[in-house]
Every structure is written in structure tokens, then in C-alpha cells.
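Peer 1: The following file, my_file11.txt, comprises compact mmCIF, C-alpha atoms:
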```txt
# COMPACT_ATOMS: atom_id res chain seq x y z
CA MET J 27 4.46 35.23 -21.13
CA THR J 28 8.00 33.90 -20.82
CA PRO J 29 8.39 30.14 -21.50
CA ASP J 30 9.68 29.41 -17.99
CA LEU J 31 6.52 30.83 -16.45
CA GLN J 32 4.31 28.97 -18.87
CA ALA J 33 4.80 25.75 -16.88
CA LEU J 34 3.25 27.46 -13.87
CA ALA J 35 0.36 28.90 -15.83
CA SER J 36 -0.45 25.51 -17.32
CA LEU J 37 -0.61 23.69 -13.96
CA ASP J 38 -3.64 21.44 -13.80
CA ARG J 39 -6.07 23.31 -11.57
CA VAL J 40 -8.16 20.23 -10.91
CA ILE J 41 -5.20 18.49 -9.28
CA HIS J 42 -3.64 21.62 -7.80
CA GLU J 43 -6.31 21.96 -5.10
CA PRO J 44 -4.76 20.52 -1.85
CA ALA J 45 -7.53 18.05 -0.98
CA ARG J 46 -7.67 16.71 -4.52
CA LEU J 47 -3.87 16.49 -4.62
CA MET J 48 -4.01 14.33 -1.48
CA ILE J 49 -6.61 12.07 -3.06
CA MET J 50 -4.60 11.76 -6.28
CA THR J 51 -1.39 11.02 -4.34
CA ILE J 52 -3.02 8.21 -2.38
CA LEU J 53 -4.74 6.69 -5.40
CA TYR J 54 -1.51 6.90 -7.38
CA SER J 55 0.26 4.77 -4.79
CA VAL J 56 -2.41 2.19 -3.86
CA ALA J 57 -4.01 1.41 -7.23
CA GLU J 58 -7.50 1.44 -5.69
CA ALA J 59 -9.05 2.33 -2.37
CA ASP J 60 -12.51 2.75 -0.97
CA PHE J 61 -14.21 5.87 0.32
CA LEU J 62 -13.57 5.04 3.99
CA TYR J 63 -9.83 4.49 3.47
CA LEU J 64 -9.52 7.79 1.57
CA GLN J 65 -11.49 9.58 4.26
CA ARG J 66 -9.21 8.27 7.00
CA GLU J 67 -6.03 8.98 5.07
CA CYS J 68 -6.98 12.50 3.96
CA GLY J 69 -8.83 13.51 7.12
CA LEU J 70 -11.68 14.97 5.10
CA THR J 71 -15.36 14.93 5.97
CA GLN J 72 -17.70 12.73 3.94
CA GLY J 73 -19.25 15.69 2.13
CA ASN J 74 -15.89 17.26 1.36
CA LEU J 75 -14.43 14.03 0.04
CA SER J 76 -17.55 13.35 -2.03
CA SER J 77 -17.43 16.73 -3.71
CA HIS J 78 -13.71 16.50 -4.50
CA LEU J 79 -14.10 12.97 -5.84
CA ALA J 80 -16.99 14.16 -8.00
CA LYS J 81 -14.76 16.87 -9.48
CA LEU J 82 -11.98 14.39 -10.16
CA GLU J 83 -14.46 11.99 -11.71
CA GLU J 84 -15.88 14.77 -13.85
CA ALA J 85 -12.38 15.57 -15.10
CA GLY J 86 -11.93 11.90 -16.01
CA TYR J 87 -9.10 11.39 -13.54
CA VAL J 88 -10.84 9.10 -11.08
CA ALA J 89 -13.18 6.18 -11.69
CA ILE J 90 -15.72 5.47 -8.99
CA SER J 91 -17.53 2.19 -8.77
CA LYS J 92 -19.85 0.63 -6.25
CA THR J 93 -19.18 -2.98 -5.59
CA PHE J 94 -19.27 -5.63 -2.88
CA LYS J 95 -16.49 -7.38 -1.01
CA GLY J 96 -18.36 -10.19 0.66
CA LYS J 97 -21.52 -8.55 2.00
CA TYR J 98 -19.85 -5.22 2.57
CA PRO J 99 -20.66 -2.55 -0.02
CA LEU J 100 -17.64 -0.57 -1.16
CA THR J 101 -17.29 2.65 -3.08
CA ILE J 102 -14.04 1.95 -4.86
CA CYS J 103 -12.01 4.77 -6.34
CA SER J 104 -9.05 4.44 -8.62
CA LEU J 105 -7.11 6.61 -11.01
CA THR J 106 -7.90 6.29 -14.68
CA LYS J 107 -5.12 6.17 -17.25
CA ASN J 108 -5.76 9.87 -17.88
CA GLY J 109 -5.59 10.53 -14.17
CA ARG J 110 -2.20 8.83 -13.87
CA GLU J 111 -0.84 10.75 -16.81
CA ALA J 112 -2.23 14.03 -15.48
CA PHE J 113 -0.73 13.39 -12.05
CA GLU J 114 2.66 12.52 -13.52
CA GLY J 115 2.51 15.66 -15.68
CA TYR J 116 1.61 17.74 -12.64
CA VAL J 117 4.48 16.25 -10.61
CA ARG J 118 6.93 16.91 -13.46
CA LYS J 119 5.88 20.55 -13.60
CA MET J 120 6.19 20.93 -9.85
CA GLN J 121 9.63 19.31 -9.99
CA TYR J 122 10.55 21.84 -12.66
CA VAL J 123 9.49 24.66 -10.37
CA ALA J 124 11.28 23.11 -7.36
CA GLY J 125 14.36 22.53 -9.52
CA SER J 126 14.43 26.15 -10.61
CA THR J 127 14.63 27.22 -6.96
CA ASN J 128 17.67 24.92 -6.53
CA GLY J 129 19.96 26.58 -9.04
CA GLY J 130 18.05 26.25 -12.28
CA ASN J 131 18.29 22.47 -12.75
CA GLY J 132 14.58 22.10 -13.21
CA ALA J 133 14.79 22.26 -16.98
CA ASN J 134 16.60 18.93 -16.96
CA HIS J 135 13.43 17.08 -15.93
CA MET S 1 13.84 18.92 0.97
CA ALA S 2 15.57 16.74 -1.60
CA ASN S 3 16.29 14.07 1.04
CA SER S 4 12.83 13.89 2.58
CA PRO S 5 10.65 11.04 1.29
CA SER S 6 7.92 12.11 -1.11
CA PRO S 7 4.22 11.88 -0.19
CA VAL S 8 3.77 9.24 -2.90
CA PHE S 9 6.44 7.10 -1.28
CA LEU S 10 4.96 7.61 2.20
CA ALA S 11 1.43 6.81 1.01
CA GLU S 12 2.72 3.57 -0.52
CA LYS S 13 4.57 2.71 2.68
CA ARG S 14 1.45 3.37 4.76
CA SER S 15 -0.64 1.16 2.49
CA TRP S 16 1.97 -1.61 2.97
CA SER S 17 1.79 -1.25 6.76
CA TYR S 18 -2.01 -1.11 6.54
CA TRP S 19 -1.96 -4.56 4.93
CA PHE S 20 -0.38 -6.02 8.11
CA ALA S 21 -2.13 -3.82 10.69
CA ASP S 22 -5.01 -6.23 11.29
CA GLY S 23 -2.73 -9.24 11.90
CA LEU S 24 -4.55 -11.39 9.33
CA PRO S 25 -1.54 -11.98 7.04
CA GLN S 26 0.56 -13.00 10.07
CA LEU S 27 -2.21 -15.37 11.19
CA LEU S 28 -2.26 -17.01 7.77
CA ILE S 29 1.55 -17.35 7.70
CA GLY S 30 1.41 -18.86 11.20
CA ILE S 31 -1.31 -21.37 10.35
CA SER S 32 0.40 -22.48 7.15
CA ALA S 33 3.75 -22.89 8.94
CA ILE S 34 2.09 -24.94 11.70
CA LEU S 35 0.41 -27.18 9.11
CA PHE S 36 3.67 -27.66 7.23
CA GLY S 37 5.63 -28.28 10.43
CA PHE S 38 3.09 -30.86 11.55
CA TYR S 39 3.22 -32.56 8.13
CA PHE S 40 7.01 -32.56 8.24
CA ILE S 41 7.24 -34.14 11.70
CA SER S 42 4.47 -36.70 11.21
CA MET S 43 5.73 -37.80 7.78
CA MET S 44 9.16 -38.53 9.17
CA THR S 45 7.90 -40.30 12.27
CA SER S 46 4.68 -41.80 10.96
CA ALA S 47 3.94 -44.62 13.36
CA SER S 48 0.24 -45.05 12.68
CA THR S 49 -2.11 -44.81 9.69
CA VAL S 50 -4.15 -42.11 11.39
CA LEU S 51 -1.07 -39.92 11.69
CA VAL S 52 -0.21 -40.45 8.01
CA VAL S 53 -3.74 -39.49 6.97
CA LEU S 54 -3.66 -36.45 9.26
CA SER S 55 -0.30 -35.39 7.85
CA PHE S 56 -1.68 -35.52 4.31
CA VAL S 57 -4.71 -33.52 5.37
CA ALA S 58 -2.36 -30.95 6.93
CA PHE S 59 -0.27 -30.81 3.76
CA GLY S 60 -3.40 -30.40 1.63
CA ALA S 61 -4.56 -27.54 3.83
CA TYR S 62 -1.08 -26.01 3.64
CA LEU S 63 -1.10 -26.18 -0.18
CA LEU S 64 -4.61 -24.71 -0.29
CA ILE S 65 -3.49 -21.76 1.83
CA GLN S 66 -0.41 -21.24 -0.35
CA ILE S 67 -2.43 -21.26 -3.57
CA ARG S 68 -5.45 -19.34 -2.30
CA ALA S 69 -3.74 -16.91 0.09
CA PRO S 70 -4.95 -13.72 -1.70
CA GLN S 71 -8.54 -14.96 -1.81
CA ILE S 72 -8.53 -16.17 1.81
CA LEU S 73 -7.09 -12.85 2.99
CA GLU S 74 -9.60 -10.92 0.89
CA TRP S 75 -12.44 -12.96 2.37
CA LEU S 76 -11.26 -12.33 5.93
CA LYS S 77 -10.50 -8.65 5.37
CA ALA S 78 -13.91 -8.10 3.76
CA ARG S 79 -15.49 -9.22 7.03
CA ILE S 80 -13.08 -7.72 9.55
CA THR S 81 -10.99 -4.89 8.10
CA TYR S 82 -12.86 -3.15 5.29
CA PRO S 83 -15.99 -2.35 7.32
CA ARG S 84 -13.83 -0.83 10.06
CA THR S 85 -11.01 1.06 8.41
CA GLY S 86 -11.65 0.78 4.70
CA TYR S 87 -10.26 -1.00 1.70
CA ALA S 88 -6.98 -0.34 -0.07
CA ALA S 89 -5.62 -2.63 -2.73
CA SER S 90 -2.79 -4.77 -1.43
CA PRO S 91 0.57 -3.40 -2.50
CA TYR S 92 1.94 -6.92 -2.13
CA PHE S 93 -0.36 -8.52 -4.67
CA ALA S 94 -0.34 -5.39 -6.87
CA THR S 95 3.37 -5.75 -7.55
CA LYS S 96 2.85 -8.36 -10.22
CA LYS S 97 0.40 -6.41 -12.32
CA SER S 98 -0.52 -2.87 -13.12
CA VAL S 99 -3.96 -2.21 -11.73
CA TYR S 100 -5.93 0.72 -12.97
CA CYS S 101 -9.33 1.63 -14.19
CA ASP S 102 -10.00 2.28 -17.81
CA ALA S 103 -12.36 4.91 -19.12
CA ASN S 104 -15.28 2.46 -19.15
CA LEU S 105 -15.09 2.09 -15.38
CA ASN S 106 -13.87 -1.45 -15.76
CA LEU S 107 -12.38 -2.21 -12.37
CA THR S 108 -10.86 -5.54 -13.34
CA PRO S 109 -7.12 -5.57 -12.83
CA VAL S 110 -5.51 -5.73 -16.25
CA GLN S 111 -2.03 -6.56 -17.43
CA ASP S 112 -0.78 -3.52 -19.24
CA PRO S 113 2.92 -3.23 -19.90
CA ASN S 114 2.31 0.10 -21.63
CA ALA S 115 0.63 1.69 -18.63
CA PRO S 116 2.26 4.99 -17.68
CA ALA S 117 5.45 4.44 -15.76
CA ILE S 118 5.09 4.75 -12.03
CA ALA S 119 8.78 5.24 -11.53
CA GLU S 120 8.94 5.82 -7.81
CA ILE S 121 6.38 3.19 -6.83
CA LYS S 122 8.05 0.68 -9.11
CA ARG S 123 11.45 1.47 -7.65
CA VAL S 124 10.17 1.13 -4.08
CA ARG S 125 8.40 -2.16 -4.83
CA ARG S 126 11.34 -3.60 -6.74
CA ALA S 127 13.68 -2.73 -3.87
CA ARG S 128 11.24 -4.30 -1.37
CA ASN S 129 10.87 -7.46 -3.46
CA ARG S 130 14.64 -7.77 -3.79
CA ARG S 131 15.07 -7.29 -0.05
CA LEU S 132 12.38 -9.87 0.79
CA SER S 133 13.76 -12.42 -1.72
CA ARG S 134 17.24 -11.96 -0.25
CA THR S 135 15.80 -12.47 3.24
CA TYR S 136 13.96 -15.68 2.25
CA ILE S 137 17.08 -17.11 0.57
CA LEU S 138 19.35 -16.27 3.52
CA MET S 139 16.84 -17.75 5.98
CA ALA S 140 16.63 -20.95 3.92
CA LEU S 141 20.43 -21.15 3.89
CA ALA S 142 20.59 -20.53 7.64
CA SER S 143 18.12 -23.37 8.24
CA LEU S 144 20.49 -25.86 6.56
CA GLY S 145 22.50 -25.98 9.76
CA LEU S 146 19.57 -27.74 11.47
CA TRP S 147 19.97 -30.62 9.01
CA PHE S 148 23.71 -30.98 8.85
CA VAL S 149 25.12 -29.99 12.23
CA HIS S 150 24.36 -32.52 14.92
CA ALA S 151 24.73 -30.45 18.06
CA PRO S 152 22.06 -28.99 20.35
CA TRP S 153 23.51 -25.46 20.17
CA ILE S 154 22.92 -25.27 16.40
CA CYS S 155 19.19 -24.68 17.02
CA THR S 156 19.86 -21.64 19.18
CA LEU S 157 22.46 -20.34 16.73
CA THR S 158 20.06 -20.84 13.79
CA GLY S 159 17.33 -19.02 15.69
CA VAL S 160 19.62 -16.07 16.44
CA VAL S 161 20.95 -15.89 12.86
CA MET S 162 17.45 -16.14 11.36
CA GLY S 163 16.16 -13.48 13.74
CA ILE S 164 18.96 -11.13 12.66
CA ILE S 165 18.35 -11.86 8.95
CA LEU S 166 14.62 -11.25 9.38
CA TRP S 167 15.23 -8.03 11.28
CA MET S 168 17.65 -6.74 8.64
CA GLY S 169 15.32 -7.68 5.78
CA THR S 170 12.15 -6.18 7.20
CA ARG S 171 13.28 -3.25 9.37
CA ALA S 172 12.65 -0.74 6.55
CA ASP S 173 8.98 -1.73 6.30
CA LYS S 174 8.50 -2.93 9.88
CA SER S 175 6.24 -5.64 8.45
CA VAL S 176 7.48 -8.20 10.99
CA SER S 177 7.05 -7.36 14.65
CA LEU S 178 9.76 -7.49 17.29
CA LEU S 179 7.85 -10.31 18.97
CA VAL S 180 8.53 -12.55 15.97
CA ILE S 181 12.12 -11.39 15.50
CA LEU S 182 13.02 -11.88 19.16
CA GLY S 183 10.99 -15.08 19.21
CA PHE S 184 13.27 -16.84 16.71
CA PRO S 185 16.14 -17.38 19.20
CA VAL S 186 13.60 -18.51 21.82
CA VAL S 187 12.16 -21.07 19.38
CA GLY S 188 15.71 -22.18 18.50
CA SER S 189 16.70 -22.63 22.15
CA SER S 190 13.49 -24.51 22.94
CA VAL S 191 13.97 -26.91 20.01
CA GLY S 192 17.62 -27.36 21.01
CA ALA S 193 16.64 -28.21 24.57
CA LEU S 194 14.40 -31.03 23.30
CA GLN S 195 17.44 -32.78 21.74
CA LEU S 196 15.58 -34.14 18.72
CA ALA S 197 16.73 -35.96 15.59
CA PRO S 198 17.60 -33.62 12.63
CA HIS S 199 14.30 -34.10 10.73
CA ALA S 200 12.26 -33.57 13.88
CA ARG S 201 14.39 -30.52 14.69
CA VAL S 202 13.53 -28.91 11.35
CA GLY S 203 9.85 -29.76 11.69
CA SER S 204 9.70 -28.51 15.27
CA PHE S 205 11.48 -25.31 14.31
CA ILE S 206 8.93 -24.63 11.53
CA LEU S 207 6.13 -25.45 13.97
CA GLY S 208 7.60 -23.06 16.55
CA VAL S 209 7.95 -20.27 14.01
CA GLY S 210 4.34 -20.90 12.96
CA LEU S 211 3.23 -20.52 16.58
CA LEU S 212 5.20 -17.27 16.79
CA PHE S 213 3.45 -15.80 13.76
CA LEU S 214 0.10 -17.08 15.01
CA LEU S 215 0.64 -15.38 18.36
CA ASP S 216 1.77 -12.18 16.65
CA GLY S 217 -1.26 -12.28 14.36
CA LEU S 218 -3.66 -12.84 17.24
CA LEU S 219 -2.14 -10.00 19.26
CA SER S 220 -2.21 -7.63 16.27
CA LEU S 221 -5.81 -8.59 15.53
CA ALA S 222 -6.83 -8.06 19.15
CA LEU S 223 -5.15 -4.63 19.19
CA TYR S 224 -6.71 -3.71 15.85
CA LEU S 225 -10.20 -4.71 17.02
CA ARG S 226 -9.69 -2.81 20.26
CA ARG S 227 -8.70 0.34 18.35
CA ASN S 228 -11.51 -0.10 15.83
CA PRO S 229 -14.27 -1.85 17.77
CA VAL S 230 -17.28 -0.91 15.68
CA ALA S 231 -17.62 -1.30 11.96
CA SER S 232 -18.18 2.05 10.28
CA VAL S 233 -21.42 2.54 8.44
CA PRO S 234 -20.61 1.85 4.81
CA VAL S 235 -20.94 4.82 2.49
CA LYS S 236 -23.63 4.25 -0.10
```
Turn the structure described in the file into C-alpha cells.

Peer 2:
Amino acid sequence: MTPDLQALASLDRVIHEPARLMIMTILYSVAEADFLYLQRECGLTQGNLSSHLAKLEEAGYVAISKTFKGKYPLTICSLTKNGREAFEGYVRKMQYVAGSTNGGNGANH
Amino acid sequence: MANSPSPVFLAEKRSWSYWFADGLPQLLIGISAILFGFYFISMMTSASTVLVVLSFVAFGAYLLIQIRAPQILEWLKARITYPRTGYAASPYFATKKSVYCDANLNLTPVQDPNAPAIAEIKRVRRARNRRLSRTYILMALASLGLWFVHAPWICTLTGVVMGIILWMGTRADKSVSLLVILGFPVVGSSVGALQLAPHARVGSFILGVGLLFLLDGLLSLALYLRRNPVASVPVK
């Protein structure tokens, strides 16, 4: 395999799935959010969101914790340090690919 | 494609707007400005002991709100906002520290200067903080006219100038509503029409601005509750 294609082959498949990419993008920008907020932002069903969050948690990218804010129980999700690094790595690779479609500047990233 | 804002940027912007959507921050700003305005006026014109005591109570309450604003907002949002539309960490209070979860599921916000760089988020937040600081400084400078120029028209002029400064400083985020921005000249004109002494002018202006924010907060809260009337069943 040529080195320029290797970046594509090594894309993180856990993050690459669209629903999980949405979840990662939101959690990357808000530090932490609860299940309801993620559901509203992503437009996913409860079951769908649960299964994707479980996969992200399994990969060590998302930490899920049940807590209380006042009397209201919250399922709080946030990116782990690994999750942040993985997301940044994924974005860098995608920028490389996008850059290569704009005249081959992607290698500069 | 290169010029369109990234989804990360848009998600951050939405979370910022979400923080103000329920009107609670505006309500708190309004109440604290009213308390401070009342303290300001009554301290300068304290005719009776009761008024002096009341002014100190108002100042104490104002200080309490200033110091405990994040906790008060959290308490209110936990009862009104989170059950209806969910919880997202405040981007405003998250600017001072890097919040993330470590591998042991410790959800306590931790100071970590070595946390992975969040270049775009940091850039957006730095730019917003700079813009807001500039707005606060310019508004404070604009208010000096109320002290030093002894003419009724200065109140209207100050209101117009402050409205423009506020609009320019917050138009990117739309965190301050048009009601408040357009209300500044109205508050200025009203205070000018009363023909008060300089100290009373400043106090009345602060009081008027507080009422503006309070009204804005109440309207936003009413709209929010109308759009989200029933608390969602929490996910267990």
C-alpha cells in the first residue's frame, strides 16, 4: 500500500461511523453533556444513541457516569483523554485527505 | 468548503446559545443589576436608617450573586432546564479550566495544562473572551459621561452608545437580545427625563438596565417553557 493511502486505511473505524462522529464532535466542544442533550442534538433515538455510546465507551473514548443535579438524575457523557486524542487524530487524517483534494497541501498538516 | 464553519465550531456555538436559551442567566444579571442600582441610589441619598440597612442587604445579596453565580445558575437549571432539554456543560464557565474525564471515570473538572490542545475551541473561546472584555471596558468608559457631563441629553447619548457597543460586542454570538440592545437608549432617555443628580443618574441607569435584563430573562424563560412545557422522563 502506498504511504498516502495508508492514512485512509488507518482511519479510526469507531469514530468514522456518522452517528458516533456526531457524538464525538458534540462532546469535543461541550466538555460534558447528558443523554437528553446528545439525543436532541444528534436526532437519534434512545436505543440508537445508547448503542453508539456503549461502543464509544467500550473503545475508551467516552466516559459515562450517572449522577444527580439537584433531584434530577443525569447520564453524563464526556470524552476521555484517549477520546480527545483519537478525535484529533481522526480530524488530522481527514484534513490530510481534504487537503490532498485541494492541490496536495494535505501533507503539510 | 474551506470558508464554511466546522461542525466543532458550530456545536460550540450552539452550546453557548443553549446556555442563554432559558433566560436564567439574563434573569440573574437583571436581579444583580437591580440590587446594585438600588444600593447605589440609597447609599448616596440615605435619609433613614431603614434605607441604609436595606441598601446593605441589597449589596450583600448582589455580592452573593456575583460570587455564587455558577452555583445559583446550576441550581436553577437543574430544576428547570436539564429535565426539559438536557444538560451541557457551560462553555462560559469551562473557559477557565480544561474539563474532561479521566480513565477512572472521575467526572470532577481538573486543571490540566497538558491536556490535548483543543485548538479551534480555544481560539473561538479566546476570541469571545477578548470581545466580551472589550465590550465591558467600552461600556464602563461610556458610562463615565453620566458622572461628568451635567446635561440631560447625556443619558440618552450614553444609552445609545452603550446599546451600539453591546450590539457590536455580542452580535456574533447573539447572546444579548435585541430587546436589551434597543432598550438601552430607552433607559437612557427615561433617566434623562427625570433630571436627576449625577450619582442618582448612574444608579437609576444601572437599575433601568437591570429591569431590561430581568424583562428579557422573563420573556425568554416564558418562551422556553412554552416550547418545552413538560419535563422529559430522565433516562436511567

Peer 1: Please report the interatomic distance between atom CA of S:Ala11 and atom CA of J:Ile52 in Å with one decimal.

Peer 2: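 Between these atoms lies a distance of 5.8 Å.
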
Peer 1: Compute the set of chain J residues within 10 Å of chain S, using only C-alpha atoms, and express it as a ChimeraX atom specification.

Peer 2: /J:48,50-67,72,86-111,114,124-125,128

Peer 1: Using only C-alpha atoms, which residues sit within 8 Å of S:Ser220 once same-chain residues fewer than 4 positions away are excluded, as an NGL selection string?

Peer 2: :S and (21-23 or 216 or 224)

Peer 1: Would you mind reading off the distance between atom CA of S:Leu215 and atom CA of S:Val186, one decimal, in Å?

Peer 2: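 So the two atoms, atom CA of S:Leu215 and atom CA of S:Val186, lie 13.8 Å apart.
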
Peer 1: Could you give me the centre and size, in Å to one decimal, of an axis-aligned box around all listed atoms of stretch 66-85 of chain J with 8 Å added on every side, as AutoDock Vina command-line options?

Peer 2:
```
--center_x -12.6 --center_y 12.8 --center_z -4.0 --size_x 29.2 --size_y 25.0 --size_z 38.2
```

Peer 1: Find the distance between atom CA of S:Trp147 and atom CA of S:Ile181 and write it in Å to one decimal.

Peer 2: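 Between atom CA of S:Trp147 and atom CA of S:Ile181 the gap works out to 21.8 Å.
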
Peer 1: Calculated over all atoms listed in the file, which of the candidates S:Ala142, S:Val209, S:Leu196, S:Leu214 has the smallest distance to S:Ile41?

Peer 2: S:Leu196

Peer 1: For S:Ser32, please output as an MDAnalysis selection string all residues within 7 Å (counting all atoms listed in the file; exclusion window: fewer than 4 positions along the same chain).

Peer 2: chainID S and resid 28 36 62 65

Peer 1: Convert the current residue selection to file output with C-alpha atoms, as a tab-separated table (two decimals), keeping the file's coordinate frame.

Peer 2:
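That gives us selection.tsv:
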```
chain	number	residue	atom	x	y	z
S	28	LEU	CA	-2.26	-17.01	7.77
S	36	PHE	CA	3.67	-27.66	7.23
S	62	TYR	CA	-1.08	-26.01	3.64
S	65	ILE	CA	-3.49	-21.76	1.83
```

Peer 1: Point out the residue among S:Leu51, S:Val149, S:Ala193, S:Leu24 with the least atom-to-atom distance to S:Leu221, counting only C-alpha atoms.

Peer 2: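 Using only C-alpha atoms, the shortest distance to S:Leu221 belongs to S:Leu24.
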
Peer 1: Please identify all polymer residues within 9 Å of stretch 161-163 of chain S, counting only C-alpha atoms, omitting same-chain residues fewer than 6 positions from it, and present them as a PyMOL selection string.

Peer 2: chain S and resi 138-140+142-143+180-185

Peer 1: Would you save stretch 165-180 of chain S from the block above with N, CA, C and O atoms, as a compact mmCIF listing (two decimals), in the first residue's frame?

Peer 2:
```
# COMPACT_ATOMS: atom_id res chain seq x y z
N ILE S 165 -22.39 49.63 21.46
CA ILE S 165 -21.23 48.83 21.92
C ILE S 165 -21.67 47.40 22.21
O ILE S 165 -21.02 46.43 21.81
N LEU S 166 -22.79 47.26 22.90
CA LEU S 166 -23.30 45.93 23.27
C LEU S 166 -23.66 45.13 22.02
O LEU S 166 -23.37 43.94 21.93
N TRP S 167 -24.27 45.80 21.07
CA TRP S 167 -24.67 45.12 19.83
C TRP S 167 -23.42 44.63 19.07
O TRP S 167 -23.36 43.50 18.62
N MET S 168 -22.41 45.53 19.00
CA MET S 168 -21.20 45.15 18.27
C MET S 168 -20.45 44.02 18.97
O MET S 168 -19.87 43.14 18.34
N GLY S 169 -20.47 44.04 20.30
CA GLY S 169 -19.72 43.03 21.05
C GLY S 169 -20.39 41.68 21.11
O GLY S 169 -19.71 40.67 21.35
N THR S 170 -21.70 41.63 20.93
CA THR S 170 -22.40 40.35 21.13
C THR S 170 -23.11 39.84 19.87
O THR S 170 -23.74 38.81 19.92
N ARG S 171 -23.00 40.58 18.77
CA ARG S 171 -23.77 40.18 17.57
C ARG S 171 -23.30 38.83 17.01
O ARG S 171 -24.08 38.09 16.43
N ALA S 172 -22.02 38.51 17.21
CA ALA S 172 -21.51 37.23 16.69
C ALA S 172 -22.16 36.05 17.41
O ALA S 172 -22.43 35.02 16.80
N ASP S 173 -22.38 36.19 18.70
CA ASP S 173 -22.97 35.10 19.49
C ASP S 173 -24.47 35.22 19.65
O ASP S 173 -25.13 34.25 20.00
N LYS S 174 -24.97 36.44 19.45
CA LYS S 174 -26.39 36.74 19.69
C LYS S 174 -26.79 36.36 21.12
O LYS S 174 -27.87 35.83 21.36
N SER S 175 -25.88 36.60 22.08
CA SER S 175 -26.18 36.23 23.46
C SER S 175 -27.01 37.30 24.16
O SER S 175 -27.57 37.05 25.22
N VAL S 176 -27.06 38.50 23.58
CA VAL S 176 -27.92 39.55 24.15
C VAL S 176 -29.01 39.86 23.13
O VAL S 176 -28.73 40.06 21.95
N SER S 177 -30.24 39.88 23.60
CA SER S 177 -31.37 40.04 22.67
C SER S 177 -31.50 41.50 22.20
O SER S 177 -30.97 42.42 22.83
N LEU S 178 -32.24 41.66 21.13
CA LEU S 178 -32.50 43.00 20.59
C LEU S 178 -33.27 43.86 21.58
O LEU S 178 -33.11 45.07 21.62
N LEU S 179 -34.11 43.19 22.38
CA LEU S 179 -34.90 43.91 23.39
C LEU S 179 -33.97 44.69 24.32
O LEU S 179 -34.21 45.87 24.62
N VAL S 180 -32.91 44.03 24.76
CA VAL S 180 -31.95 44.68 25.67
C VAL S 180 -31.18 45.76 24.93
O VAL S 180 -31.03 46.89 25.44
```
